[in-house]
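Colleague: Here you go, this is query16.cif (mmCIF, C-alpha atoms and all ligand atoms).
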data_coords
#
loop_
_atom_site.label_atom_id
_atom_site.label_comp_id
_atom_site.auth_asym_id
_atom_site.auth_seq_id
_atom_site.Cartn_x
_atom_site.Cartn_y
_atom_site.Cartn_z
CA MET A 1 22.11 -15.94 40.62
CA THR A 2 18.44 -16.98 40.38
CA GLU A 3 17.56 -20.56 41.33
CA ARG A 4 16.30 -22.90 38.60
CA ASN A 5 12.56 -23.55 38.56
CA THR A 6 11.68 -27.01 39.84
CA VAL A 7 8.76 -29.22 38.83
CA LEU A 8 7.68 -32.54 40.36
CA VAL A 9 5.55 -34.74 38.07
CA THR A 10 3.71 -37.84 39.29
CA GLY A 11 3.07 -40.81 36.99
CA ALA A 12 5.98 -39.61 34.88
CA ASN A 13 6.84 -42.95 33.35
CA ARG A 14 4.77 -42.63 30.18
CA GLY A 15 1.95 -40.77 28.47
CA ILE A 16 1.14 -37.21 29.50
CA GLY A 17 3.43 -37.33 32.57
CA PHE A 18 6.44 -38.30 30.48
CA GLU A 19 5.69 -35.47 28.04
CA PHE A 20 5.56 -32.94 30.92
CA VAL A 21 9.01 -34.14 31.98
CA ARG A 22 10.37 -33.94 28.43
CA GLN A 23 9.08 -30.41 27.81
CA TYR A 24 10.04 -28.91 31.19
CA ALA A 25 13.52 -30.49 30.92
CA ALA A 26 13.91 -29.00 27.43
CA GLN A 27 13.07 -25.60 28.96
CA GLY A 28 15.90 -26.00 31.47
CA TRP A 29 13.81 -26.71 34.57
CA ARG A 30 15.00 -29.01 37.34
CA VAL A 31 12.64 -31.97 36.84
CA ILE A 32 11.78 -34.57 39.46
CA ALA A 33 9.97 -37.52 37.88
CA GLY A 34 7.91 -39.64 40.28
CA VAL A 35 7.45 -43.22 39.07
CA ARG A 36 6.12 -46.41 40.61
CA ASN A 37 8.94 -48.50 39.27
CA PRO A 38 12.27 -46.74 38.61
CA GLY A 39 13.66 -49.99 37.23
CA SER A 40 11.45 -49.70 34.16
CA ALA A 41 11.92 -45.98 33.57
CA ASP A 42 14.20 -46.42 30.55
CA ALA A 43 12.61 -43.63 28.50
CA LEU A 44 13.10 -41.17 31.38
CA ARG A 45 16.68 -42.31 31.88
CA ALA A 46 17.33 -41.76 28.18
CA LEU A 47 16.56 -38.05 28.67
CA GLY A 48 19.76 -37.82 30.75
CA ALA A 49 20.55 -37.95 34.46
CA ASP A 50 21.63 -34.29 34.30
CA LYS A 51 18.12 -33.36 33.10
CA VAL A 52 15.77 -35.63 35.05
CA GLU A 53 15.87 -36.98 38.59
CA ILE A 54 13.89 -40.22 38.87
CA GLU A 55 12.25 -40.92 42.22
CA ARG A 56 10.15 -43.85 43.43
CA LEU A 57 6.58 -42.69 44.10
CA ASP A 58 3.28 -44.53 44.39
CA VAL A 59 0.62 -41.86 44.93
CA GLY A 60 -1.76 -44.50 46.25
CA SER A 61 0.52 -45.17 49.20
CA VAL A 62 0.64 -42.64 52.04
CA ALA A 63 3.98 -44.11 53.14
CA SER A 64 5.47 -43.72 49.65
CA VAL A 65 4.37 -40.06 49.39
CA ASP A 66 5.66 -39.31 52.89
CA ALA A 67 9.00 -40.96 52.08
CA LEU A 68 9.58 -38.77 49.02
CA ALA A 69 8.43 -35.62 50.83
CA ALA A 70 10.94 -36.40 53.60
CA LYS A 71 13.73 -37.13 51.11
CA LEU A 72 13.12 -33.74 49.44
CA ALA A 73 12.63 -31.84 52.73
CA GLY A 74 14.12 -28.35 52.59
CA GLN A 75 14.01 -28.24 48.76
CA SER A 76 11.62 -25.91 47.01
CA ILE A 77 9.23 -27.13 44.31
CA ASP A 78 7.70 -24.43 42.12
CA VAL A 79 5.14 -26.62 40.38
CA LEU A 80 3.69 -29.89 41.68
CA ILE A 81 1.86 -31.77 38.91
CA ASN A 82 -0.55 -34.48 40.04
CA ASN A 83 -0.71 -36.41 36.80
CA ALA A 84 -0.72 -40.07 37.85
CA GLY A 85 -4.06 -41.62 37.09
CA LEU A 86 -5.93 -44.82 36.49
CA PHE A 87 -8.42 -45.19 33.59
CA GLY A 88 -8.98 -48.94 33.71
CA ASP A 89 -11.07 -50.84 31.20
CA PHE A 90 -14.64 -50.55 29.96
CA GLU A 91 -15.64 -54.16 30.73
CA THR A 92 -15.28 -54.01 34.50
CA GLN A 93 -16.92 -50.53 34.73
CA THR A 94 -20.05 -51.40 32.71
CA PHE A 95 -23.42 -51.54 34.47
CA GLY A 96 -24.38 -55.17 35.04
CA GLN A 97 -20.82 -56.46 35.13
CA ILE A 98 -19.11 -54.11 37.55
CA ASP A 99 -16.07 -55.37 39.44
CA PHE A 100 -16.75 -53.68 42.78
CA ALA A 101 -13.39 -54.69 44.21
CA GLN A 102 -11.72 -52.07 41.97
CA PHE A 103 -13.46 -48.98 43.37
CA ASP A 104 -11.02 -48.39 46.21
CA THR A 105 -8.01 -48.53 43.91
CA PHE A 106 -9.51 -45.85 41.64
CA MET A 107 -10.37 -43.57 44.54
CA ARG A 108 -6.99 -44.10 46.16
CA THR A 109 -5.11 -43.31 42.96
CA ASN A 110 -7.20 -40.56 41.33
CA ALA A 111 -8.71 -38.75 44.31
CA LEU A 112 -6.78 -39.45 47.52
CA GLY A 113 -3.42 -39.48 45.70
CA PRO A 114 -3.55 -35.80 44.69
CA LEU A 115 -4.87 -34.83 48.15
CA LYS A 116 -2.03 -36.61 49.92
CA MET A 117 0.54 -35.17 47.50
CA CYS A 118 -0.71 -31.62 48.07
CA GLU A 119 -0.69 -32.08 51.84
CA ALA A 120 2.77 -33.65 51.97
CA PHE A 121 4.39 -31.19 49.55
CA THR A 122 2.86 -27.95 50.83
CA PRO A 123 6.12 -27.00 52.62
CA HIS A 124 8.15 -27.52 49.43
CA VAL A 125 5.73 -25.57 47.20
CA LYS A 126 5.28 -22.82 49.80
CA ALA A 127 9.04 -22.30 49.85
CA SER A 128 9.27 -21.82 46.06
CA ALA A 129 9.03 -18.74 43.87
CA GLN A 130 6.06 -19.86 41.71
CA LYS A 131 3.95 -21.75 44.30
CA LYS A 132 1.64 -23.84 42.10
CA MET A 133 -0.21 -27.13 42.58
CA ILE A 134 -1.75 -28.73 39.50
CA SER A 135 -4.04 -31.67 38.96
CA VAL A 136 -4.48 -33.32 35.59
CA THR A 137 -8.10 -34.37 35.73
CA SER A 138 -10.69 -34.96 33.03
CA GLN A 139 -13.94 -33.76 31.54
CA ALA A 140 -15.09 -37.29 32.42
CA GLY A 141 -15.58 -35.84 35.93
CA SER A 142 -17.74 -32.97 34.66
CA PHE A 143 -21.49 -33.00 35.40
CA ALA A 144 -22.13 -30.01 33.14
CA LEU A 145 -20.56 -31.79 30.15
CA ASP A 146 -22.21 -35.11 31.02
CA SER A 147 -18.70 -36.64 31.20
CA GLY A 148 -18.11 -35.68 27.57
CA GLY A 149 -20.63 -38.38 26.63
CA LEU A 150 -18.41 -41.19 27.97
CA PRO A 151 -20.66 -44.15 28.82
CA GLY A 152 -20.14 -46.43 31.85
CA MET A 153 -16.66 -45.99 33.34
CA TYR A 154 -18.19 -45.56 36.80
CA PHE A 155 -14.95 -45.69 38.79
CA TYR A 156 -12.97 -43.43 36.49
CA LYS A 157 -15.70 -40.79 36.25
CA SER A 158 -16.56 -40.75 39.95
CA SER A 159 -12.92 -40.66 41.04
CA LYS A 160 -12.26 -37.72 38.68
CA ALA A 161 -15.33 -35.86 40.03
CA ALA A 162 -13.94 -36.50 43.53
CA GLN A 163 -10.51 -35.29 42.41
CA ASN A 164 -12.07 -32.06 41.12
CA MET A 165 -13.82 -31.40 44.43
CA ILE A 166 -10.70 -32.27 46.40
CA MET A 167 -8.51 -29.90 44.40
CA ARG A 168 -11.11 -27.14 44.59
CA THR A 169 -11.07 -27.51 48.38
CA VAL A 170 -7.26 -27.71 48.52
CA ALA A 171 -7.18 -24.40 46.60
CA LYS A 172 -8.96 -22.71 49.52
CA ASP A 173 -6.74 -24.36 52.14
CA VAL A 174 -3.43 -23.37 50.52
CA GLN A 175 -4.45 -19.86 49.50
CA ALA A 176 -3.09 -18.44 52.74
CA HIS A 177 0.34 -19.76 51.73
CA GLY A 178 0.16 -17.92 48.39
CA ILE A 179 -0.19 -21.23 46.51
CA SER A 180 -2.32 -21.28 43.34
CA VAL A 181 -4.13 -24.46 42.26
CA GLY A 182 -4.96 -25.40 38.67
CA ILE A 183 -7.42 -28.17 37.81
CA LEU A 184 -6.62 -29.06 34.20
CA SER A 185 -8.36 -30.98 31.46
CA PRO A 186 -5.83 -32.27 28.89
CA GLY A 187 -8.31 -33.02 26.10
CA MET A 188 -8.45 -36.48 24.57
CA VAL A 189 -4.85 -37.57 24.15
CA ASN A 190 -3.37 -40.57 22.38
CA THR A 191 -1.15 -42.04 25.09
CA THR A 192 -0.81 -45.49 23.55
CA GLY A 193 2.70 -44.60 22.41
CA GLU A 194 1.68 -45.70 18.91
CA GLU A 195 0.56 -43.90 15.83
CA LEU A 196 -3.14 -44.74 15.62
CA PRO A 197 -4.78 -45.77 12.34
CA PRO A 198 -7.68 -43.48 11.32
CA GLU A 199 -10.34 -45.99 12.45
CA ARG A 200 -8.96 -45.90 16.03
CA ARG A 201 -8.59 -42.11 16.20
CA PHE A 202 -11.45 -40.31 17.90
CA PRO A 203 -12.38 -36.94 16.38
CA GLY A 204 -10.33 -34.19 18.02
CA MET A 205 -7.77 -36.58 19.51
CA LEU A 206 -4.44 -34.94 20.32
CA GLU A 207 -0.89 -36.19 20.54
CA PRO A 208 0.84 -35.59 23.92
CA PRO A 209 3.14 -32.71 22.78
CA GLU A 210 0.20 -30.48 21.80
CA SER A 211 -1.86 -31.14 24.94
CA VAL A 212 1.11 -30.73 27.28
CA ALA A 213 2.43 -27.57 25.58
CA GLY A 214 -1.06 -26.13 26.08
CA MET A 215 -1.16 -27.12 29.76
CA ILE A 216 2.33 -25.71 30.39
CA GLY A 217 1.03 -22.40 29.01
CA VAL A 218 -2.01 -22.61 31.29
CA ILE A 219 0.23 -23.35 34.30
CA ALA A 220 2.48 -20.39 33.48
CA ALA A 221 -0.56 -18.09 33.41
CA LEU A 222 -2.13 -19.49 36.61
CA ASP A 223 -2.22 -17.05 39.51
CA SER A 224 -4.17 -16.13 42.63
CA ALA A 225 -6.97 -14.68 40.48
CA THR A 226 -7.58 -18.00 38.67
CA THR A 227 -6.76 -20.44 41.50
CA GLY A 228 -9.30 -23.23 41.94
CA SER A 229 -10.46 -23.02 38.31
CA PHE A 230 -11.15 -25.97 36.02
CA ILE A 231 -9.28 -25.11 32.81
CA ARG A 232 -8.94 -26.84 29.46
CA TYR A 233 -5.47 -27.31 27.91
CA THR A 234 -6.45 -24.53 25.49
CA GLY A 235 -6.86 -22.06 28.36
CA ASP A 236 -10.65 -22.05 27.99
CA PRO A 237 -12.73 -22.54 31.14
CA GLN A 238 -14.02 -26.08 31.61
CA PRO A 239 -17.54 -26.34 33.04
CA TRP A 240 -17.86 -28.38 36.27
N1 LIG B 301 -5.09 -39.61 27.81
C1 LIG B 301 -6.24 -38.95 27.87
O1 LIG B 301 -6.98 -38.81 26.86
C2 LIG B 301 -6.67 -38.29 29.15
C3 LIG B 301 -7.87 -37.55 29.12
C4 LIG B 301 -8.29 -36.93 30.30
C5 LIG B 301 -7.52 -37.04 31.45
N2 LIG B 301 -6.35 -37.77 31.44
C6 LIG B 301 -5.61 -37.84 32.70
O2 LIG B 301 -4.25 -37.51 32.47
C7 LIG B 301 -3.41 -38.23 33.38
C8 LIG B 301 -2.36 -38.98 32.59
O3 LIG B 301 -3.04 -39.82 31.67
P1 LIG B 301 -2.29 -40.71 30.59
O4 LIG B 301 -3.23 -40.88 29.46
O5 LIG B 301 -0.92 -40.21 30.35
O6 LIG B 301 -2.24 -42.10 31.37
P2 LIG B 301 -1.33 -43.40 31.17
O7 LIG B 301 -0.65 -43.37 29.83
O8 LIG B 301 -2.22 -44.54 31.50
O9 LIG B 301 -0.23 -43.22 32.31
C9 LIG B 301 -0.64 -43.18 33.64
C10 LIG B 301 0.58 -42.96 34.49
O10 LIG B 301 0.14 -42.91 35.85
C11 LIG B 301 0.95 -43.81 36.59
N3 LIG B 301 0.27 -44.31 37.77
C12 LIG B 301 -0.87 -45.03 37.86
N4 LIG B 301 -1.15 -45.31 39.14
C13 LIG B 301 -0.15 -44.76 39.88
C14 LIG B 301 0.14 -44.70 41.25
N5 LIG B 301 -0.64 -45.29 42.17
N6 LIG B 301 1.25 -44.03 41.65
C15 LIG B 301 2.05 -43.44 40.76
N7 LIG B 301 1.85 -43.47 39.44
C16 LIG B 301 0.75 -44.12 39.01
C17 LIG B 301 1.32 -44.91 35.61
O11 LIG B 301 2.45 -45.59 36.11
P3 LIG B 301 3.00 -46.98 35.51
O12 LIG B 301 3.74 -46.59 34.28
O13 LIG B 301 3.81 -47.53 36.60
O14 LIG B 301 1.77 -47.82 35.20
C18 LIG B 301 1.59 -44.09 34.36
O15 LIG B 301 2.89 -43.57 34.37
C19 LIG B 301 -4.34 -39.14 34.17
O16 LIG B 301 -4.64 -38.54 35.41
C20 LIG B 301 -5.57 -39.24 33.29
O17 LIG B 301 -6.74 -39.53 34.02
C21 LIG B 301 -5.93 -38.40 30.32
#
Rewrite the coordinates I just gave you, this time as structure tokens.
Modeller:
Amino acid sequence: MTERNTVLVTGANRGIGFEFVRQYAAQGWRVIAGVRNPGSADALRALGADKVEIERLDVGSVASVDALAAKLAGQSIDVLINNAGLFGDFETQTFGQIDFAQFDTFMRTNALGPLKMCEAFTPHVKASAQKKMISVTSQAGSFALDSGGLPGMYFYKSSKAAQNMIMRTVAKDVQAHGISVGILSPGMVNTTGEELPPERRFPGMLEPPESVAGMIGVIAALDSATTGSFIRYTGDPQPW
């Protein structure tokens, strides 16, 4: 009998992370959903305890990541998805009114979080059949695309650029273990959980099912030839 594929998703409580959980569970995968607060994970619980295992995980805490890695020691994880992320607000990331106290939180969540997750879960991913580490990042971290034209947002943009460089470097460090790394751009996704009126919809905005279905296809196609690449949810290369 072949073992079920296993995926671990961080920031699985809502938005893109929740949609990854929903779609992988529907495909019959064993799904481990990392959330900061299991007590408020009602939507995940509603998917069924037989489908989704909910685990406490704060990617900004080294102790929290180590605790989950230890709890899951000896279990293989085919796909690790670093999805948890912090966007913040425009006001406190606008030149002239920057709230400098927030910088560390952004870097800890968006850049160091994925690095710590990859380091702590290398044994689990190495032991799996598929051996993939994924980061959901953003074109906001792209120099070539001028952050997609996004103004301000200093902490978000710089932490995503750092995340890109970290994952690119991780790709080289885990290559010897046969692990492939995908650095994914999900597009602009409506994660408000509401249907947006036309005046609040940006051109080209996606709903989570379309973006995540695309990324699941990209993850399935990822291999040692494409490891370390920055890839759009469509499968197209994303310029750095
Ligand atoms: N939506 C977009 O258009 C878009 C575009 C480009 C890139 N992305 C990236 O895609 C990813 C998901 O975005 P989203 O729009 O789904 O975001 P979201 O709706 O704001 O959800 C973010 C998730 O990350 C979790 N999280 C935040 N800090 C965490 C931490 N320290 N430890 C663990 N979990 C943490 C949140 O947990 P709580 O529920 O506990 O707050 C939440 O579940 C992010 O990395 C984001 O930067 C999104």
Colleague: Which residues sit within 6 Å of ligand LIG 301 (chain B), counting only C-alpha atoms and all ligand atoms, listed as a ChimeraX atom specification?
Modeller: /A:10-17,35-37,57-60,83-87,109,136-138,186-191
Colleague: Can you tell me which residues surround range 227-234 of chain A at a distance of at most 10 Å, considering all atoms listed in the file, apart from same-chain residues fewer than 4 positions away, and format the answer as a PyMOL selection string?
Modeller: chain A and resi 132-139+142+164-165+167-172+175+179-187+210-219+222-223+238-240
Colleague: Give me, as CSV, the closest atom pair and its distance (Å, one decimal) for every residue of range 157-226 of chain A within a cut-off of 12 Å of range 96-104 of chain A, counting all atoms listed in the file, rows sorted by chain and rising number.
Modeller:
residue,atom,partner,partner_atom,distance
A:Lys157,CA,A:Phe103,CA,11.1
A:Ser158,CA,A:Phe103,CA,9.4
A:Ser159,CA,A:Phe103,CA,8.7
Colleague: Out of A:Met117, A:Ala25, A:Val65, A:Ile166, which residue has the shortest atom-to-atom distance to Gly48 in chain A when counting all atoms listed in the file?
Modeller: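 Using all atoms listed in the file, Gly48 in chain A sits closest to A:Ala25.
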Colleague: Taking only C-alpha atoms into account, which of A:Asp78, A:Asp66, A:Glu91, A:Glu3 comes nearest Ile32 in chain A?
Modeller: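 Going through A:Asp78, A:Asp66, A:Glu91, A:Glu3 one by one, the smallest distance to Ile32 in chain A is for A:Asp78.
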Colleague: I'd like the contact shell of Val9 in chain A - 6 Å cut-off, only C-alpha atoms, skipping same-chain residues fewer than 2 positions apart - returned as a list of chain:residue names.
Modeller: A:Ala12, A:Ala33, A:Gly34, A:Ile81
Colleague: Create the file for the chosen residues now, containing C-alpha atoms and written as a CSV table (one decimal), in the frame of the given file.
Modeller:
chain,number,residue,atom,x,y,z
A,12,ALA,CA,6.0,-39.6,34.9
A,33,ALA,CA,10.0,-37.5,37.9
A,34,GLY,CA,7.9,-39.6,40.3
A,81,ILE,CA,1.9,-31.8,38.9
Colleague: Which residue gives the smallest distance to Gln75 in chain A among A:Ala225, A:Leu150, A:Leu47, A:Val7, with all atoms listed in the file counted?
Modeller: A:Val7
Colleague: Would you work out the distance separating CA of Met153 in chain A from CA of Ala140 in chain A, expressed in Å to one decimal?
Modeller: 8.9 Å
Colleague: Hey, which of A:Arg4, A:Val31, A:Tyr156, A:Val174 ends up closest to Phe90 in chain A? Count all atoms listed in the file.
Modeller: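 Answer, going by the shortest atom-to-atom distance: A:Tyr156.
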Colleague: What is the CA of Arg56 in chain A to CA of Ser76 in chain A distance in Å?
Modeller: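 CA of Ser76 in chain A lies at a distance of 18.4 Å from CA of Arg56 in chain A.
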Colleague: Could you tell me how far CA of Lys51 in chain A lies from CA of Ala26 in chain A, in Å and to one decimal?
Modeller: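 Between CA of Lys51 in chain A and CA of Ala26 in chain A the gap is 8.3 Å.
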Colleague: With 12 Å as the threshold, what does the neighbourhood of (14.0, -32.2, 51.8) contain in terms of residues, counting only C-alpha atoms? Coordinates are those of the file; answer as an mmCIF file with C-alpha atoms, in the coordinates of the input.
Modeller:
data_model
loop_
_atom_site.group_PDB
_atom_site.id
_atom_site.type_symbol
_atom_site.label_atom_id
_atom_site.label_comp_id
_atom_site.auth_asym_id
_atom_site.auth_seq_id
_atom_site.Cartn_x
_atom_site.Cartn_y
_atom_site.Cartn_z
ATOM 1 C CA ASP A 66 5.660 -39.310 52.890
ATOM 2 C CA ALA A 67 9.000 -40.960 52.080
ATOM 3 C CA LEU A 68 9.580 -38.770 49.020
ATOM 4 C CA ALA A 69 8.430 -35.620 50.830
ATOM 5 C CA ALA A 70 10.940 -36.400 53.600
ATOM 6 C CA LYS A 71 13.730 -37.130 51.110
ATOM 7 C CA LEU A 72 13.120 -33.740 49.440
ATOM 8 C CA ALA A 73 12.630 -31.840 52.730
ATOM 9 C CA GLY A 74 14.120 -28.350 52.590
ATOM 10 C CA GLN A 75 14.010 -28.240 48.760
ATOM 11 C CA SER A 76 11.620 -25.910 47.010
ATOM 12 C CA ILE A 77 9.230 -27.130 44.310
ATOM 13 C CA ALA A 120 2.770 -33.650 51.970
ATOM 14 C CA PHE A 121 4.390 -31.190 49.550
ATOM 15 C CA THR A 122 2.860 -27.950 50.830
ATOM 16 C CA PRO A 123 6.120 -27.000 52.620
ATOM 17 C CA HIS A 124 8.150 -27.520 49.430
ATOM 18 C CA VAL A 125 5.730 -25.570 47.200
ATOM 19 C CA ALA A 127 9.040 -22.300 49.850
#
Colleague: Under the rule that only C-alpha atoms are counted, which of A:Gln93, A:Ser40, A:Val52, A:Leu196 is the nearest residue to Phe20 in chain A?
Modeller: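 Between A:Gln93, A:Ser40, A:Val52, A:Leu196, the residue approaching Phe20 in chain A most closely is A:Val52.
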Colleague: Out of A:Glu119, A:Pro209, A:Gly178, A:Ser128, which residue has the shortest atom-to-atom distance to Val21 in chain A when counting all atoms listed in the file?
Modeller: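 Under the stated criterion, the closest residue is A:Pro209.
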